[in-house]
$ cat structure_35.tsv   # TSV, C-alpha atoms
chain	number	residue	atom	x	y	z
A	305	MET	CA	13.85	31.34	17.04
A	306	GLY	CA	14.54	34.32	14.84
A	307	THR	CA	15.81	32.33	11.86
A	308	SER	CA	14.16	31.08	8.71
A	309	ARG	CA	15.38	27.55	9.36
A	310	ASN	CA	12.97	24.89	10.46
A	311	ASP	CA	14.79	22.07	12.19
A	312	PRO	CA	12.31	19.28	12.92
A	313	SER	CA	12.34	17.28	16.11
A	314	PRO	CA	14.77	14.37	16.07
A	315	LYS	CA	13.41	11.01	14.97
A	316	THR	CA	14.74	9.39	18.13
A	317	PRO	CA	12.88	7.10	20.55
A	318	PRO	CA	12.01	9.89	23.01
A	319	TRP	CA	10.21	11.77	20.22
A	320	ARG	CA	8.29	8.83	18.70
A	321	MET	CA	5.07	9.31	20.67
A	322	ALA	CA	5.07	13.10	20.35
A	323	LEU	CA	5.59	12.90	16.60
A	324	ALA	CA	2.80	10.33	16.39
A	325	VAL	CA	0.23	12.54	18.11
A	326	VAL	CA	1.10	16.18	17.33
A	327	GLY	CA	-1.45	17.58	14.93
A	328	THR	CA	-3.74	14.57	15.24
A	329	PRO	CA	-7.33	15.83	15.59
A	330	ASP	CA	-8.53	12.88	17.68
A	331	VAL	CA	-5.84	13.47	20.34
A	332	GLY	CA	-6.64	16.48	22.51
A	333	PRO	CA	-4.22	19.38	22.93
A	334	SER	CA	-3.65	18.47	26.57
A	335	ARG	CA	-2.39	14.99	25.65
A	336	GLN	CA	-0.34	16.38	22.76
A	337	SER	CA	1.27	18.85	25.15
A	338	ILE	CA	2.14	16.10	27.62
A	339	GLU	CA	3.77	14.03	24.89
A	340	ILE	CA	5.78	17.02	23.67
A	341	TRP	CA	7.04	17.75	27.19
A	342	LYS	CA	7.85	14.09	27.84
A	343	ALA	CA	9.89	14.01	24.64
A	344	VAL	CA	11.68	17.26	25.44
A	345	ALA	CA	12.48	16.05	28.97
A	346	ALA	CA	13.73	12.66	27.76
A	347	ASP	CA	15.76	14.24	24.98
A	348	ARG	CA	17.31	17.07	26.99
A	349	GLY	CA	17.57	15.43	30.41
A	350	GLU	CA	18.96	17.60	33.22
A	351	LYS	CA	19.85	20.31	30.70
A	352	LEU	CA	16.15	21.17	30.39
A	353	LEU	CA	15.86	21.88	34.09
A	354	ALA	CA	19.16	23.75	34.13
A	355	ASP	CA	18.02	25.98	31.25
A	356	PHE	CA	14.68	26.95	32.79
A	357	ALA	CA	16.02	27.14	36.35
A	358	ASN	CA	18.55	29.70	35.13
A	359	PRO	CA	18.78	32.53	37.70
A	360	ALA	CA	18.34	35.09	34.91
A	361	LEU	CA	14.80	33.79	34.38
A	362	ALA	CA	14.04	34.07	38.09
A	363	THR	CA	15.28	37.64	37.90
A	364	ALA	CA	13.04	38.32	34.89
A	365	CYS	CA	10.13	36.90	36.86
A	366	ARG	CA	11.02	39.27	39.69
A	367	TYR	CA	10.96	42.22	37.27
A	368	VAL	CA	7.42	41.24	36.29
A	369	ALA	CA	6.37	40.86	39.94
A	370	GLU	CA	7.85	44.29	40.74
A	371	GLY	CA	5.95	45.88	37.88
A	372	LEU	CA	9.00	47.33	36.15
A	373	PRO	CA	8.29	49.23	32.93
A	374	VAL	CA	8.97	47.24	29.75
A	375	HIS	CA	12.01	49.23	28.68
A	376	ASP	CA	13.69	49.03	32.11
A	377	ALA	CA	12.96	45.32	32.51
A	378	LEU	CA	14.33	44.45	29.07
A	379	GLU	CA	17.39	46.65	29.50
A	380	ARG	CA	18.23	45.03	32.84
A	381	PHE	CA	17.56	41.54	31.48
A	382	ASP	CA	19.75	42.14	28.43
A	383	ARG	CA	22.57	43.44	30.61
A	384	SER	CA	22.33	40.44	32.94
A	385	THR	CA	22.33	37.91	30.10
A	386	LEU	CA	24.89	39.62	27.87
A	387	HIS	CA	27.55	37.01	28.62
A	388	GLU	CA	25.15	34.10	29.16
A	389	SER	CA	26.54	31.16	27.24
A	390	SER	CA	24.06	28.49	28.30
A	391	ALA	CA	20.28	28.27	28.16
A	392	GLY	CA	20.07	30.05	24.79
A	393	LEU	CA	16.51	29.04	23.92
A	394	ALA	CA	15.24	29.52	27.47
A	395	ILE	CA	16.86	32.96	27.67
A	396	GLU	CA	15.41	34.01	24.32
A	397	ILE	CA	11.88	32.91	25.14
A	398	GLY	CA	12.30	34.34	28.63
A	399	ARG	CA	12.99	37.71	27.06
A	400	ARG	CA	9.85	37.40	24.94
A	401	ALA	CA	7.78	36.44	27.97
A	402	LEU	CA	9.29	39.32	29.95
A	403	ALA	CA	8.38	41.84	27.25
A	404	ARG	CA	4.85	40.51	26.96
A	405	CYS	CA	4.23	40.34	30.70
A	406	THR	CA	5.70	43.72	31.60
A	407	ALA	CA	3.76	45.35	28.78
A	408	GLN	CA	0.55	43.76	30.05
A	409	ARG	CA	1.45	44.33	33.73
A	410	THR	CA	0.81	40.71	34.67
A	411	ASP	CA	2.08	38.71	37.66
A	412	ALA	CA	4.88	36.21	38.29
A	413	ALA	CA	2.75	33.12	37.63
A	414	THR	CA	1.67	34.57	34.30
A	415	PHE	CA	5.33	35.12	33.38
A	416	VAL	CA	6.14	31.45	34.02
A	417	GLY	CA	3.07	30.41	32.04
A	418	GLU	CA	4.17	32.60	29.13
A	419	LEU	CA	7.70	31.22	29.38
A	420	PHE	CA	6.58	27.62	29.02
A	421	ALA	CA	3.78	28.46	26.54
A	422	GLU	CA	6.40	30.01	24.28
A	423	ALA	CA	8.51	26.86	24.66
A	424	VAL	CA	5.71	24.42	23.81
A	425	SER	CA	4.83	26.57	20.81
A	426	TYR	CA	8.44	26.41	19.66
A	427	TYR	CA	8.62	22.63	20.03
A	428	ALA	CA	5.29	22.08	18.24
A	429	SER	CA	6.28	24.49	15.47
A	430	ARG	CA	9.33	22.45	14.58
A	431	ASP	CA	7.14	19.69	13.16
A	432	MET	CA	3.83	21.34	12.41
A	433	PRO	CA	4.64	22.35	8.81
A	434	SER	CA	5.12	18.73	7.80
A	435	PHE	CA	1.79	17.74	9.40
A	436	VAL	CA	-0.46	20.40	7.84
A	437	ALA	CA	-2.85	18.72	5.39
A	438	ALA	CA	-1.21	15.32	5.89
A	439	GLU	CA	-3.61	12.42	6.23
A	440	GLY	CA	-4.94	12.18	9.80
A	441	ARG	CA	-3.35	15.49	10.85
A	442	VAL	CA	-4.38	19.14	11.04
A	443	ALA	CA	-6.38	20.06	7.97
A	444	ASN	CA	-4.87	23.45	7.19
A	445	THR	CA	-2.72	26.30	8.45
A	446	SER	CA	-5.61	27.83	10.39
A	447	SER	CA	-6.09	24.56	12.25
A	448	ALA	CA	-2.37	24.39	12.99
A	449	ILE	CA	-2.44	27.92	14.43
A	450	GLN	CA	-5.49	27.03	16.49
A	451	LEU	CA	-3.73	23.92	17.81
A	452	LYS	CA	-0.65	25.93	18.79
A	453	ASP	CA	-2.91	28.40	20.61
A	454	SER	CA	-4.55	25.49	22.43
A	455	LEU	CA	-1.16	24.04	23.38
A	456	ARG	CA	-0.10	27.45	24.70
A	457	GLN	CA	-3.30	27.86	26.71
A	458	THR	CA	-3.08	24.34	28.13
A	459	THR	CA	0.46	25.08	29.27
A	460	LYS	CA	-0.52	28.40	30.85
A	461	ASP	CA	-3.38	26.72	32.71
A	462	GLN	CA	-1.13	23.97	34.05
A	463	VAL	CA	1.41	26.50	35.29
A	464	ARG	CA	-1.28	28.74	36.81
A	465	ALA	CA	-2.58	25.75	38.79
A	466	LEU	CA	0.80	25.51	40.56
A	467	GLY	CA	0.51	29.00	42.02
A	468	SER	CA	3.08	31.76	42.12
A	469	PRO	CA	6.78	30.99	42.12
A	470	ARG	CA	9.13	31.94	44.90
A	471	LEU	CA	12.09	33.79	43.53
A	472	THR	CA	15.13	32.73	45.52
A	473	PRO	CA	17.48	30.59	43.39
A	474	ARG	CA	16.74	27.42	45.37
A	475	GLU	CA	12.97	27.94	45.42
A	476	TRP	CA	12.96	28.91	41.73
A	477	LYS	CA	14.66	25.64	40.80
A	478	SER	CA	12.20	23.69	42.93
A	479	TYR	CA	9.27	25.50	41.32
A	480	ILE	CA	10.59	24.88	37.80
A	481	THR	CA	11.02	21.19	38.68
A	482	ARG	CA	7.34	21.09	39.70
A	483	VAL	CA	6.34	22.87	36.49
A	484	LEU	CA	8.24	20.42	34.29
A	485	LYS	CA	6.70	17.45	36.12
A	486	ALA	CA	3.20	18.89	35.76
A	487	LEU	CA	3.73	19.55	32.06
A	488	GLN	CA	4.71	15.91	31.60
A	489	GLY	CA	1.48	14.82	33.26
A	490	GLU	CA	3.12	13.55	36.43
A	491	GLY	CA	0.71	13.54	39.31
A	492	ARG	CA	-2.46	13.36	37.22
A	493	THR	CA	-4.37	10.72	35.35
A	494	PRO	CA	-4.45	11.05	31.54
$ encode --input "structure_35.tsv" --output "structure tokens"
Amino acid sequence: MGTSRNDPSPKTPPWRMALAVVGTPDVGPSRQSIEIWKAVAADRGEKLLADFANPALATACRYVAEGLPVHDALERFDRSTLHESSAGLAIEIGRRALARCTAQRTDAATFVGELFAEAVSYYASRDMPSFVAAEGRVANTSSAIQLKDSLRQTTKDQVRALGSPRLTPREWKSYITRVLKALQGEGRTP
């Protein structure tokens, strides 16, 4: 995020399946997304939930729901996260989602969808460069961009299906738990 470095996903057991399917044309974006989220959840454990259940993100979601102007929302968010030492990636992508959603005057559910769409895009992007034009993977850069767009849209759709979040700290954490389970395909048949 914001650097020219490209650190690929770890070659650890939790990532094996995701690395096997990401960029594979005969595996649909929905399944690829599920495998990415399963790998992220297995790799990060409770830290993943803690990062996305961060109260600062619930507050950002509230700013979107209240219809704050972009400048005001970002200024408040930056002030509230100035000394935030945990949840770096989640805070950064939360800021991006906040800017996008306040500029477009969307709703709370859209903010959460953008938040997780930005995350899945980040996780897919870590490995995508090594898959472009590789045998049995995305054919070219345009196909890779199209796949990332599909992963983002799949994520937004899954979040939208869960309805709007409630914004108290306890309810926010419960909602984020439901989102993470849905993104990993829990509660549905593949």
$ closest_residue --input "structure_35.tsv" --among "A:Ala448, A:Leu419, A:Leu378, A:Ala394" --to "Met432 of chain A" --atoms "all atoms listed in the file"
A:Ala448
$ residues_around --input "structure_35.tsv" --residues "segment 336-348 of chain A" --least-positions-apart "2" --cutoff "7 Å" --atoms "all atoms listed in the file" --output "ChimeraX atom specification"
/A:318-319,321-322,325-326,331-334,350-352,455,487-489
$ closest_atom_pairs --input "structure_35.tsv" --of "segment 311-362 of chain A" --to "segment 400-415 of chain A" --cutoff "12 Å" --atoms "all atoms listed in the file" --output "CSV"
residue,atom,partner,partner_atom,distance
A:Ala360,CA,A:Leu402,CA,11.2
A:Leu361,CA,A:Leu402,CA,9.0
A:Ala362,CA,A:Ala412,CA,9.4
$ closest_residue --input "structure_35.tsv" --among "A:Leu353, A:Ile480, A:Ala423, A:Ile397" --to "Leu466 of chain A" --atoms "only C-alpha atoms"
A:Ile480
$ residues_around --input "structure_35.tsv" --residues "Pro433 of chain A" --least-positions-apart "3" --cutoff "10 Å" --atoms "all atoms listed in the file" --output "ChimeraX atom specification"
/A:310,312,327,428-430,436-438,442,444-445,448
$ write_last_selection --input "structure_35.tsv" --atoms "C-alpha atoms" --output "compact mmCIF listing (two decimals), in the frame of the given file"
# COMPACT_ATOMS: atom_id res chain seq x y z
CA ASN A 310 12.97 24.89 10.46
CA PRO A 312 12.31 19.28 12.92
CA GLY A 327 -1.45 17.58 14.93
CA ALA A 428 5.29 22.08 18.24
CA SER A 429 6.28 24.49 15.47
CA ARG A 430 9.33 22.45 14.58
CA VAL A 436 -0.46 20.40 7.84
CA ALA A 437 -2.85 18.72 5.39
CA ALA A 438 -1.21 15.32 5.89
CA VAL A 442 -4.38 19.14 11.04
CA ASN A 444 -4.87 23.45 7.19
CA THR A 445 -2.72 26.30 8.45
CA ALA A 448 -2.37 24.39 12.99
$ atom_distance --input "structure_35.tsv" --atom1 "atom CA of Gln450 of chain A" --atom2 "atom CA of Gly398 of chain A"
22.7 Å
